[in-house]
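K.L.:
Sharing input_9.cif, mmCIF, C-alpha atoms and all ligand atoms:
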data_upload
loop_
_atom_site.label_atom_id
_atom_site.label_comp_id
_atom_site.auth_asym_id
_atom_site.auth_seq_id
_atom_site.Cartn_x
_atom_site.Cartn_y
_atom_site.Cartn_z
CA MET B 132 36.10 43.81 -13.31
CA ILE B 133 35.06 47.38 -14.09
CA ASN B 134 36.74 50.58 -12.85
CA PHE B 135 35.75 51.71 -9.38
CA GLU B 136 36.43 54.16 -6.56
CA PHE B 137 36.24 52.98 -2.98
CA TYR B 138 36.05 55.65 -0.29
CA ASN B 139 35.43 54.61 3.28
CA PRO B 140 36.85 57.15 5.73
CA THR B 141 34.79 56.21 8.80
CA LYS B 142 36.92 55.32 11.82
CA VAL B 143 35.53 52.08 13.27
CA ILE B 144 35.88 51.56 17.03
CA PHE B 145 34.73 48.03 17.67
CA GLY B 146 34.23 45.93 20.80
CA LYS B 147 33.13 45.80 24.42
CA ASP B 148 32.60 49.09 26.34
CA THR B 149 33.68 51.17 23.33
CA GLU B 150 30.75 53.59 23.78
CA SER B 151 32.63 55.10 26.72
CA GLN B 152 35.19 56.45 24.22
CA VAL B 153 32.69 58.75 22.55
CA GLY B 154 33.71 61.88 24.52
CA LYS B 155 37.34 61.37 23.62
CA GLU B 156 36.51 60.95 19.92
CA ILE B 157 34.42 64.11 19.71
CA ASN B 158 36.86 66.14 21.84
CA SER B 159 39.82 65.11 19.68
CA ARG B 160 38.03 66.69 16.71
CA GLY B 161 37.45 69.95 18.59
CA TYR B 162 33.63 69.95 18.69
CA LYS B 163 31.92 71.59 21.66
CA LYS B 164 28.16 71.05 21.43
CA VAL B 165 26.47 67.82 20.42
CA LEU B 166 22.96 66.83 19.41
CA ILE B 167 22.38 63.26 20.62
CA HIS B 168 19.75 61.72 18.36
CA PHE B 169 18.00 58.41 19.04
CA GLY B 170 14.72 56.47 19.05
CA GLY B 171 12.87 55.02 22.02
CA THR B 172 13.34 54.04 25.61
CA TYR B 173 15.77 51.10 25.55
CA LEU B 174 18.74 53.47 25.73
CA TYR B 175 17.50 54.80 29.09
CA GLU B 176 16.67 51.32 30.39
CA THR B 177 20.05 49.85 29.43
CA GLY B 178 22.03 52.79 30.80
CA VAL B 179 23.66 53.45 27.40
CA LEU B 180 22.48 57.05 27.28
CA ASP B 181 23.81 57.69 30.80
CA ARG B 182 27.21 56.30 29.84
CA VAL B 183 27.31 58.50 26.74
CA HIS B 184 26.35 61.61 28.77
CA LYS B 185 29.07 60.79 31.28
CA SER B 186 31.69 60.36 28.60
CA LEU B 187 30.82 63.75 27.05
CA GLU B 188 30.81 65.44 30.45
CA GLU B 189 34.32 64.10 31.14
CA TYR B 190 35.52 66.25 28.23
CA ASN B 191 33.28 69.26 29.04
CA ILE B 192 31.30 68.75 25.85
CA GLN B 193 27.79 70.21 26.03
CA TYR B 194 24.87 68.17 24.67
CA ILE B 195 21.15 68.14 24.06
CA ASP B 196 19.06 65.02 23.53
CA LEU B 197 16.56 64.59 20.74
CA GLY B 198 14.82 61.21 20.97
CA GLY B 199 11.67 59.99 19.27
CA VAL B 200 13.06 58.70 15.96
CA VAL B 201 10.70 56.01 14.65
CA PRO B 202 11.66 53.09 12.38
CA ASN B 203 11.38 54.35 8.77
CA PRO B 204 12.25 57.81 10.15
CA HIS B 205 10.15 60.85 9.39
CA MET B 206 11.07 64.12 7.72
CA SER B 207 9.06 66.12 10.29
CA LEU B 208 11.43 65.15 13.14
CA VAL B 209 14.42 65.84 10.88
CA LYS B 210 13.19 69.39 10.33
CA GLU B 211 12.58 69.82 14.06
CA GLY B 212 16.15 68.61 14.65
CA VAL B 213 17.59 71.16 12.20
CA GLN B 214 15.78 74.02 13.97
CA LEU B 215 16.93 72.78 17.37
CA CYS B 216 20.56 72.52 16.24
CA LYS B 217 20.49 76.05 14.81
CA LYS B 218 18.90 77.48 17.96
CA GLU B 219 21.34 75.69 20.28
CA GLY B 220 24.50 76.23 18.22
CA VAL B 221 25.18 72.52 17.79
CA ASP B 222 28.40 71.69 15.91
CA PHE B 223 28.33 67.85 15.96
CA ILE B 224 25.54 65.29 15.63
CA LEU B 225 25.77 61.94 17.40
CA ALA B 226 23.29 59.22 16.48
CA ILE B 227 22.68 56.28 18.81
CA GLY B 228 20.71 53.32 17.50
CA GLY B 229 20.05 51.66 14.18
CA GLY B 230 19.60 52.80 10.62
CA SER B 231 16.64 54.98 11.54
CA PRO B 232 18.36 57.32 14.04
CA ILE B 233 21.58 57.33 12.00
CA ASP B 234 19.73 58.23 8.80
CA SER B 235 17.71 60.87 10.61
CA ALA B 236 20.98 62.32 11.99
CA LYS B 237 22.47 62.41 8.48
CA ALA B 238 19.40 64.30 7.23
CA ILE B 239 19.63 66.81 10.10
CA ALA B 240 23.32 67.26 9.29
CA TYR B 241 22.46 68.07 5.65
CA GLY B 242 19.84 70.55 6.86
CA LEU B 243 22.27 72.29 9.18
CA VAL B 244 24.64 73.47 6.45
CA ASN B 245 22.39 73.75 3.37
CA ASP B 246 19.62 76.28 2.72
CA PHE B 247 17.33 74.27 0.45
CA ASP B 248 14.22 72.37 1.58
CA LEU B 249 15.34 68.88 2.60
CA VAL B 250 12.35 67.40 0.77
CA ASP B 251 13.94 68.60 -2.47
CA LEU B 252 17.17 66.78 -1.58
CA TYR B 253 15.45 63.47 -0.91
CA MET B 254 13.18 63.86 -3.95
CA GLY B 255 16.24 64.26 -6.18
CA ARG B 256 15.55 67.88 -7.15
CA VAL B 257 18.80 69.25 -5.67
CA THR B 258 22.16 67.74 -4.71
CA THR B 259 24.87 68.69 -2.23
CA ASP B 260 28.31 67.61 -1.07
CA LYS B 261 28.05 69.57 2.17
CA ILE B 262 27.07 68.08 5.51
CA ALA B 263 27.70 68.86 9.21
CA PRO B 264 29.91 66.31 10.99
CA ILE B 265 28.25 63.23 12.44
CA GLY B 266 29.33 60.21 14.46
CA CYS B 267 27.37 57.21 15.65
CA ILE B 268 27.02 54.49 18.22
CA SER B 269 25.40 51.50 16.60
CA THR B 270 22.97 49.33 18.60
CA ILE B 271 21.75 46.97 15.87
CA ALA B 272 23.53 44.96 13.19
CA ALA B 273 21.54 45.72 10.08
CA THR B 274 21.67 48.57 7.60
CA GLY B 275 25.35 49.44 7.79
CA SER B 276 24.35 53.11 7.87
CA GLU B 277 27.16 53.59 10.41
CA THR B 278 29.66 53.48 7.53
CA SER B 279 27.46 53.81 4.43
CA ASN B 280 27.00 56.89 2.24
CA SER B 281 23.24 56.61 2.32
CA SER B 282 20.29 57.90 4.32
CA VAL B 283 16.66 56.95 3.87
CA ILE B 284 13.85 59.20 5.08
CA THR B 285 10.07 58.93 4.85
CA ILE B 286 8.39 62.11 3.66
CA GLU B 287 5.02 61.93 5.38
CA GLU B 288 3.21 63.82 2.63
CA GLY B 289 2.57 60.98 0.16
CA MET B 290 4.38 58.49 2.47
CA LEU B 291 7.37 58.58 0.14
CA LYS B 292 10.42 56.71 1.40
CA ARG B 293 13.40 58.20 -0.40
CA SER B 294 17.17 58.11 -0.10
CA TYR B 295 20.01 60.50 -0.74
CA ASN B 296 23.44 58.99 -1.25
CA HIS B 297 26.68 60.92 -1.02
CA ASP B 298 30.12 60.04 0.33
CA CYS B 299 30.14 63.19 2.45
CA SER B 300 27.55 61.55 4.73
CA ARG B 301 29.82 58.73 5.89
CA PRO B 302 30.15 59.27 9.65
CA ARG B 303 33.45 60.50 11.12
CA PHE B 304 33.43 57.53 13.47
CA ALA B 305 31.27 54.49 14.19
CA ILE B 306 31.35 52.94 17.63
CA MET B 307 30.19 49.33 17.56
CA ASN B 308 29.80 47.30 20.74
CA PRO B 309 28.15 43.94 19.95
CA GLU B 310 26.94 43.69 23.58
CA LEU B 311 24.61 46.63 22.94
CA THR B 312 22.68 44.43 20.50
CA TYR B 313 21.77 41.82 23.18
CA THR B 314 18.58 43.69 24.06
CA LEU B 315 17.23 43.64 20.51
CA PRO B 316 13.89 41.88 20.07
CA ALA B 317 14.40 38.60 18.14
CA TYR B 318 12.41 39.89 15.17
CA GLN B 319 14.65 42.96 14.82
CA THR B 320 17.79 40.83 15.12
CA SER B 321 16.62 38.59 12.29
CA SER B 322 15.35 41.47 10.18
CA GLY B 323 18.78 43.07 10.55
CA ALA B 324 20.60 39.86 9.59
CA ALA B 325 18.45 39.55 6.48
CA ASP B 326 19.20 43.15 5.51
CA ILE B 327 22.93 42.45 5.86
CA MET B 328 22.61 39.43 3.56
CA MET B 329 20.63 41.50 1.08
CA HIS B 330 23.16 44.34 0.89
CA THR B 331 25.74 41.90 -0.41
CA MET B 332 23.24 39.92 -2.50
CA GLU B 333 22.14 43.10 -4.27
CA ARG B 334 25.79 43.47 -5.32
CA TYR B 335 26.41 39.76 -5.92
CA PHE B 336 23.68 39.43 -8.55
CA THR B 337 25.51 41.19 -11.34
CA ASN B 338 26.25 40.50 -14.96
CA THR B 339 29.77 41.93 -14.67
CA GLU B 340 32.24 39.14 -15.43
CA HIS B 341 35.58 38.21 -13.85
CA VAL B 342 34.83 39.40 -10.32
CA GLU B 343 36.23 36.33 -8.55
CA LEU B 344 37.99 38.16 -5.69
CA ILE B 345 34.92 40.06 -4.52
CA ASP B 346 32.68 37.06 -5.27
CA ARG B 347 34.67 34.99 -2.81
CA MET B 348 34.68 37.76 -0.19
CA ALA B 349 30.93 38.17 -0.67
CA GLN B 350 30.35 34.42 -0.37
CA GLY B 351 32.41 34.33 2.85
CA LEU B 352 30.41 37.20 4.29
CA LEU B 353 27.08 35.63 3.32
CA VAL B 354 27.97 32.23 4.80
CA SER B 355 29.15 33.90 8.04
CA VAL B 356 25.95 35.93 8.39
CA ARG B 357 23.82 32.90 7.54
CA GLU B 358 25.48 30.90 10.33
CA ALA B 359 25.71 33.71 12.89
CA ALA B 360 22.01 34.55 12.53
CA LEU B 361 21.05 30.92 13.22
CA LYS B 362 23.27 30.95 16.34
CA VAL B 363 21.88 34.23 17.66
CA VAL B 364 18.29 33.03 17.27
CA LYS B 365 19.14 30.30 19.81
CA GLU B 366 21.64 32.26 21.94
CA PRO B 367 20.91 36.00 21.92
CA THR B 368 23.96 36.73 24.11
CA ASN B 369 26.50 34.80 22.01
CA TYR B 370 29.11 37.58 21.79
CA ASP B 371 31.09 36.18 18.87
CA ALA B 372 28.02 35.59 16.72
CA ARG B 373 26.73 39.08 17.56
CA ALA B 374 30.18 40.49 16.71
CA ASP B 375 30.23 38.70 13.34
CA LEU B 376 26.80 40.10 12.52
CA MET B 377 27.76 43.61 13.56
CA TRP B 378 31.00 43.78 11.60
CA ALA B 379 29.37 42.11 8.59
CA GLY B 380 26.65 44.78 8.71
CA SER B 381 29.21 47.47 8.00
CA LEU B 382 31.28 45.48 5.52
CA SER B 383 28.16 44.55 3.60
CA HIS B 384 27.07 48.12 2.95
CA ASN B 385 30.25 50.20 2.97
CA GLY B 386 30.63 49.48 -0.74
CA LEU B 387 33.35 46.83 -0.51
CA THR B 388 31.31 43.90 -1.86
CA GLY B 389 30.20 46.05 -4.80
CA THR B 390 33.65 47.07 -5.98
CA GLY B 391 34.44 46.36 -9.63
CA ARG B 392 30.92 45.38 -10.61
CA VAL B 393 27.48 46.79 -11.41
CA SER B 394 25.09 46.41 -8.45
CA ASP B 395 21.35 45.81 -8.73
CA PHE B 396 19.32 47.13 -5.73
CA ALA B 397 15.92 46.48 -7.34
CA SER B 398 14.72 44.46 -4.33
CA HIS B 399 15.56 47.39 -2.07
CA LYS B 400 13.59 49.81 -4.21
CA ILE B 401 10.62 47.42 -4.30
CA GLU B 402 10.82 47.04 -0.50
CA HIS B 403 11.17 50.75 0.22
CA GLU B 404 7.68 51.28 -1.20
CA LEU B 405 6.35 48.66 1.24
CA GLY B 406 8.13 50.48 4.06
CA GLY B 407 6.67 53.82 2.95
CA MET B 408 3.11 52.54 2.60
CA PHE B 409 2.88 49.89 5.36
CA ASP B 410 5.69 50.84 7.79
CA VAL B 411 7.16 47.30 7.87
CA ALA B 412 10.60 46.42 9.26
CA HIS B 413 13.02 46.90 6.36
CA GLY B 414 14.81 43.52 6.50
CA ALA B 415 11.54 41.63 6.92
CA GLY B 416 10.14 43.46 3.89
CA LEU B 417 13.18 42.40 1.85
CA CYS B 418 12.64 38.76 2.85
CA ALA B 419 9.02 38.98 1.72
CA ILE B 420 10.09 40.22 -1.71
CA TRP B 421 13.41 38.62 -2.62
CA GLY B 422 12.25 35.08 -3.53
CA SER B 423 9.70 36.54 -5.96
CA TRP B 424 12.26 38.91 -7.47
CA ALA B 425 14.68 35.98 -7.81
CA ARG B 426 12.17 33.67 -9.53
CA TYR B 427 11.23 36.51 -11.88
CA VAL B 428 14.79 37.31 -12.98
CA TYR B 429 16.95 34.19 -12.50
CA LYS B 430 16.88 33.19 -16.17
CA THR B 431 18.88 36.35 -16.93
CA ASN B 432 21.93 34.60 -15.50
CA VAL B 433 21.18 31.08 -14.33
CA ALA B 434 24.85 30.32 -13.69
CA ARG B 435 25.15 33.14 -11.17
CA PHE B 436 22.10 31.92 -9.25
CA ALA B 437 23.51 28.37 -9.32
CA GLN B 438 26.84 29.65 -7.97
CA PHE B 439 25.00 31.48 -5.16
CA ALA B 440 23.09 28.28 -4.30
CA ASN B 441 26.26 26.21 -4.22
CA LYS B 442 28.66 28.60 -2.48
CA VAL B 443 26.31 30.26 0.00
CA PHE B 444 23.75 27.54 0.78
CA ASP B 445 25.80 24.40 0.02
CA VAL B 446 23.35 23.19 -2.63
CA PRO B 447 25.15 20.48 -4.68
CA MET B 448 26.00 21.87 -8.14
CA ASN B 449 24.18 19.96 -10.89
CA LEU B 450 26.30 20.83 -13.93
CA TYR B 451 23.77 19.11 -16.20
CA ASN B 452 20.91 21.19 -14.83
CA LEU B 453 22.04 24.59 -13.53
CA GLU B 454 18.45 25.77 -13.41
CA GLU B 455 17.61 23.11 -10.86
CA THR B 456 20.55 24.22 -8.69
CA ALA B 457 19.55 27.88 -9.08
CA LEU B 458 15.97 27.24 -7.97
CA LYS B 459 17.13 25.14 -5.01
CA GLY B 460 19.25 28.11 -3.91
CA ILE B 461 16.19 30.38 -3.87
CA GLU B 462 14.35 27.74 -1.81
CA ALA B 463 17.33 27.46 0.55
CA TRP B 464 17.25 31.23 1.13
CA GLU B 465 13.52 31.05 1.93
CA ASP B 466 14.12 28.12 4.27
CA TRP B 467 16.80 30.17 6.08
CA CYS B 468 14.39 33.11 6.35
CA HIS B 469 11.79 30.88 7.99
CA LYS B 470 14.37 29.41 10.39
CA ILE B 471 15.18 32.89 11.69
CA GLY B 472 11.51 33.87 11.88
CA MET B 473 11.35 36.01 8.75
CA PRO B 474 8.49 36.04 6.20
CA THR B 475 8.88 35.06 2.55
CA SER B 476 5.65 36.62 1.28
CA MET B 477 3.63 39.74 1.94
CA THR B 478 0.93 37.62 3.60
CA GLU B 479 3.52 36.26 6.04
CA LEU B 480 4.72 39.83 6.52
CA GLY B 481 1.18 40.66 7.65
CA ILE B 482 0.12 42.92 4.79
CA ASN B 483 -2.29 42.44 1.93
CA PRO B 484 -2.02 45.30 -0.55
CA THR B 485 -4.91 45.86 -2.95
CA ALA B 486 -4.38 45.93 -6.71
CA ALA B 487 -4.60 49.73 -6.60
CA GLN B 488 -1.97 49.91 -3.84
CA ILE B 489 0.33 47.58 -5.80
CA GLU B 490 -0.02 49.77 -8.85
CA GLU B 491 0.71 52.89 -6.78
CA MET B 492 3.81 51.30 -5.23
CA ALA B 493 5.09 50.11 -8.62
CA GLU B 494 4.55 53.55 -10.11
CA LYS B 495 6.44 55.29 -7.27
CA CYS B 496 9.15 52.64 -7.34
CA VAL B 497 10.08 53.04 -11.01
CA ALA B 498 9.75 56.81 -10.73
CA THR B 499 12.91 56.72 -8.57
CA GLY B 500 14.85 55.50 -11.62
CA ASP B 501 13.45 57.29 -14.70
CA GLY B 502 10.77 54.69 -15.32
CA HIS B 503 12.80 51.58 -14.56
CA ILE B 504 14.89 49.98 -11.81
CA GLY B 505 17.50 47.24 -11.53
CA PHE B 506 20.68 46.39 -13.40
CA PHE B 507 20.80 42.60 -13.17
CA ARG B 508 17.60 42.77 -15.17
CA THR B 509 15.90 46.05 -16.01
CA LEU B 510 12.42 46.17 -14.51
CA TYR B 511 9.59 48.42 -15.66
CA LYS B 512 6.33 49.19 -13.89
CA GLU B 513 4.58 46.06 -15.24
CA ASP B 514 7.48 43.87 -14.08
CA VAL B 515 7.35 45.37 -10.59
CA ILE B 516 3.59 44.80 -10.43
CA ARG B 517 4.15 41.14 -11.36
CA ILE B 518 6.78 40.76 -8.63
CA TYR B 519 4.47 42.28 -6.00
CA ASN B 520 1.73 39.92 -7.14
CA MET B 521 4.06 36.91 -6.98
CA ALA B 522 4.99 37.98 -3.43
CA GLN B 523 1.37 38.18 -2.20
O1 LIG U 1 12.58 52.73 18.14
P1 LIG U 1 13.82 52.49 18.93
O2 LIG U 1 13.65 52.72 20.35
O3 LIG U 1 15.03 53.18 18.34
O4 LIG U 1 14.10 50.91 18.86
C1 LIG U 1 14.57 50.33 17.70
C2 LIG U 1 13.50 50.11 16.67
O5 LIG U 1 12.23 49.91 17.25
C3 LIG U 1 14.98 48.92 18.03
N1 LIG U 1 16.35 48.80 18.55
C4 LIG U 1 17.51 49.15 17.94
N2 LIG U 1 18.55 48.78 18.69
C5 LIG U 1 18.05 48.19 19.81
C6 LIG U 1 16.63 48.22 19.72
N3 LIG U 1 15.84 47.71 20.68
C7 LIG U 1 16.45 47.14 21.76
N4 LIG U 1 17.80 47.06 21.89
C8 LIG U 1 18.63 47.57 20.93
N5 LIG U 1 19.94 47.45 21.06
O6 LIG U 1 14.94 48.24 16.81
C9 LIG U 1 13.91 48.83 15.99
C10 LIG U 1 14.46 49.02 14.60
O7 LIG U 1 15.42 50.07 14.60
P2 LIG U 1 15.82 50.77 13.21
O8 LIG U 1 16.86 51.77 13.50
O9 LIG U 1 14.57 51.21 12.52
O10 LIG U 1 16.38 49.49 12.42
P3 LIG U 1 17.37 49.35 11.24
O11 LIG U 1 18.76 49.49 11.71
O12 LIG U 1 16.99 48.11 10.55
O13 LIG U 1 17.07 50.61 10.28
C11 LIG U 1 16.03 50.58 9.33
C12 LIG U 1 15.99 51.88 8.55
O14 LIG U 1 17.23 52.09 7.82
C13 LIG U 1 16.95 52.19 6.40
C14 LIG U 1 15.69 51.38 6.27
O15 LIG U 1 15.01 51.62 5.07
C15 LIG U 1 14.92 51.82 7.50
O16 LIG U 1 14.35 53.10 7.30
N6 LIG U 1 18.11 51.77 5.61
C16 LIG U 1 19.19 52.56 5.65
C17 LIG U 1 20.32 52.29 4.89
C18 LIG U 1 21.51 53.17 4.94
N7 LIG U 1 21.42 54.33 5.54
O17 LIG U 1 22.58 52.83 4.40
C19 LIG U 1 20.39 51.12 3.98
C20 LIG U 1 19.31 50.12 4.21
O18 LIG U 1 19.12 49.36 3.03
C21 LIG U 1 17.99 50.70 4.66
O19 LIG U 1 17.18 51.13 3.58
ZN ZN U 2 18.80 47.39 3.31
#
Could I get this structure in the form of structure tokens?
P.N.:
Amino acid sequence: MINFEFYNPTKVIFGKDTESQVGKEINSRGYKKVLIHFGGTYLYETGVLDRVHKSLEEYNIQYIDLGGVVPNPHMSLVKEGVQLCKKEGVDFILAIGGGSPIDSAKAIAYGLVNDFDLVDLYMGRVTTDKIAPIGCISTIAATGSETSNSSVITIEEGMLKRSYNHDCSRPRFAIMNPELTYTLPAYQTSSGAADIMMHTMERYFTNTEHVELIDRMAQGLLVSVREAALKVVKEPTNYDARADLMWAGSLSHNGLTGTGRVSDFASHKIEHELGGMFDVAHGAGLCAIWGSWARYVYKTNVARFAQFANKVFDVPMNLYNLEETALKGIEAWEDWCHKIGMPTSMTELGINPTAAQIEEMAEKCVATGDGHIGFFRTLYKEDVIRIYNMAQ
């Protein structure tokens, strides 16, 4: 195990009807004017927005709504949000929704207290440890943005999907009511479940040795998500399965399953370019890529892939042929993806990038990491091109 710091200050308020506590949470911190930031119409239809308004009104907290966040959220709305907050004297930002509204809220919060152009922040040209306070009400089990230190924004000019990670962006509180996820379309539920799996898998595939404690926690999380996703596909209102997915979403990306080891995150970087160029659902994009990444890199550490196959997908361990076990584990993952309605190739994802587009994505992808990505195995532009081609 290597040295690590683990910082996770977000207060988690989990369970039925918890969204009605939002006024109390914001009031107890002394904030007076809130920007409520969200995506589309389901929050009106389900009455969630009304309940949130009511809860704020109970504590005489003023608010303004800014909806319209799209999946793979755009920098243009972030900038509009910053101007609105400055004009209205907003002192707290509340996101309601999934990774997209939460990430957009984090970006607005950076813009509210820093003077630089936010594009420079997300392009890695400046850094900051200053952010306005944010809280969130999560409505999808997926990215874990409700407790993570990350936000991912698409800069429309060049369709560049870029992230900025800093501990200061972990929300002050995260309200998580699994019942709010009942209205999710099946595809989004499954895409979210896949993303949760991937956040731990990106940390599980490591060459750091002697990480048994976190390996076992990671395996437990992965098995639970694997099973809960299969249940929810059949029973969308199964509260306990929804609750497992929701809590796993946070635990999978709050840093816990990466403690004491080097993480990889190459599949995420490869997928983010797909999201930037083709606007695909993030988890579905990961499913389309991961099997190809895995087949490209598994020889780096066959034993680790065999352990994943055995402990997460119950593939019998063939000690005389670890490679066979490893490959069966990759197949088992793809089989699980199909069972929950997720793609395992770009064709199944519904996209067909040209050779020129693949080259452009590979170029942009490695540019995020000084010409290479990945830690399990270092990948250069030519490697990334091969992985995209394998995933066609
Ligand atoms: O568009 P709206 O109306 O908001 O509807 C959303 C959206 O269409 C819908 N939805 C969410 N909750 C719902 C619901 N529909 C009905 N009932 C509900 N309860 O679901 C769709 C997807 O929402 P989105 O917020 O885009 O999904 P997700 O949570 O998967 O977020 C994806 C974004 O987060 C980034 C991704 O790259 C992508 O941009 N990520 C953020 C991370 C982070 N901040 O830590 C890490 C991740 O790896 C990821 O990169
Ligand atoms: Zn992700």
K.L.:
Which one is closest to ligand ZN 2 (chain U): B:Pro474, B:Gly275, B:Gly500, B:Gly505? Count all atoms listed in the file.
P.N.:
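Ranked by minimum distance to ligand ZN 2 (chain U), first place goes to B:Gly275.
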K.L.:
Measuring atom to atom with all atoms listed in the file, identify which of B:Val143, B:Val221, B:Leu197, B:Val515 is nearest to ligand LIG 1 (chain U).
P.N.:
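Going through B:Val143, B:Val221, B:Leu197, B:Val515 one by one, the smallest distance to ligand LIG 1 (chain U) is for B:Leu197.
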K.L.:
Counting all atoms listed in the file, name the residues that have an atom within 7 Å of an atom of ligand LIG 1 (chain U); the answer should be given as a PyMOL selection string.
P.N.:
chain B and resi 169-173+200-204+228-232+234+270-276+279-284+311-316+319+322-323+326+330+384+399+403+412-414
K.L.:
Rounded to one decimal in Å, what is the spacing between CA of Glu288 in chain B and CA of Gly502 in chain B?
P.N.:
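Atom-to-atom, CA of Glu288 in chain B and CA of Gly502 in chain B are spaced 21.5 Å apart.
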K.L.:
If I take CA of Arg303 in chain B and CA of Asp371 in chain B, how far is one from the other in Å, to one decimal?
P.N.:
25.6 Å
K.L.:
In Å, rounded to a single decimal, give me how far CA of Gln523 in chain B is from CA of Asn483 in chain B.
P.N.:
7.0 Å
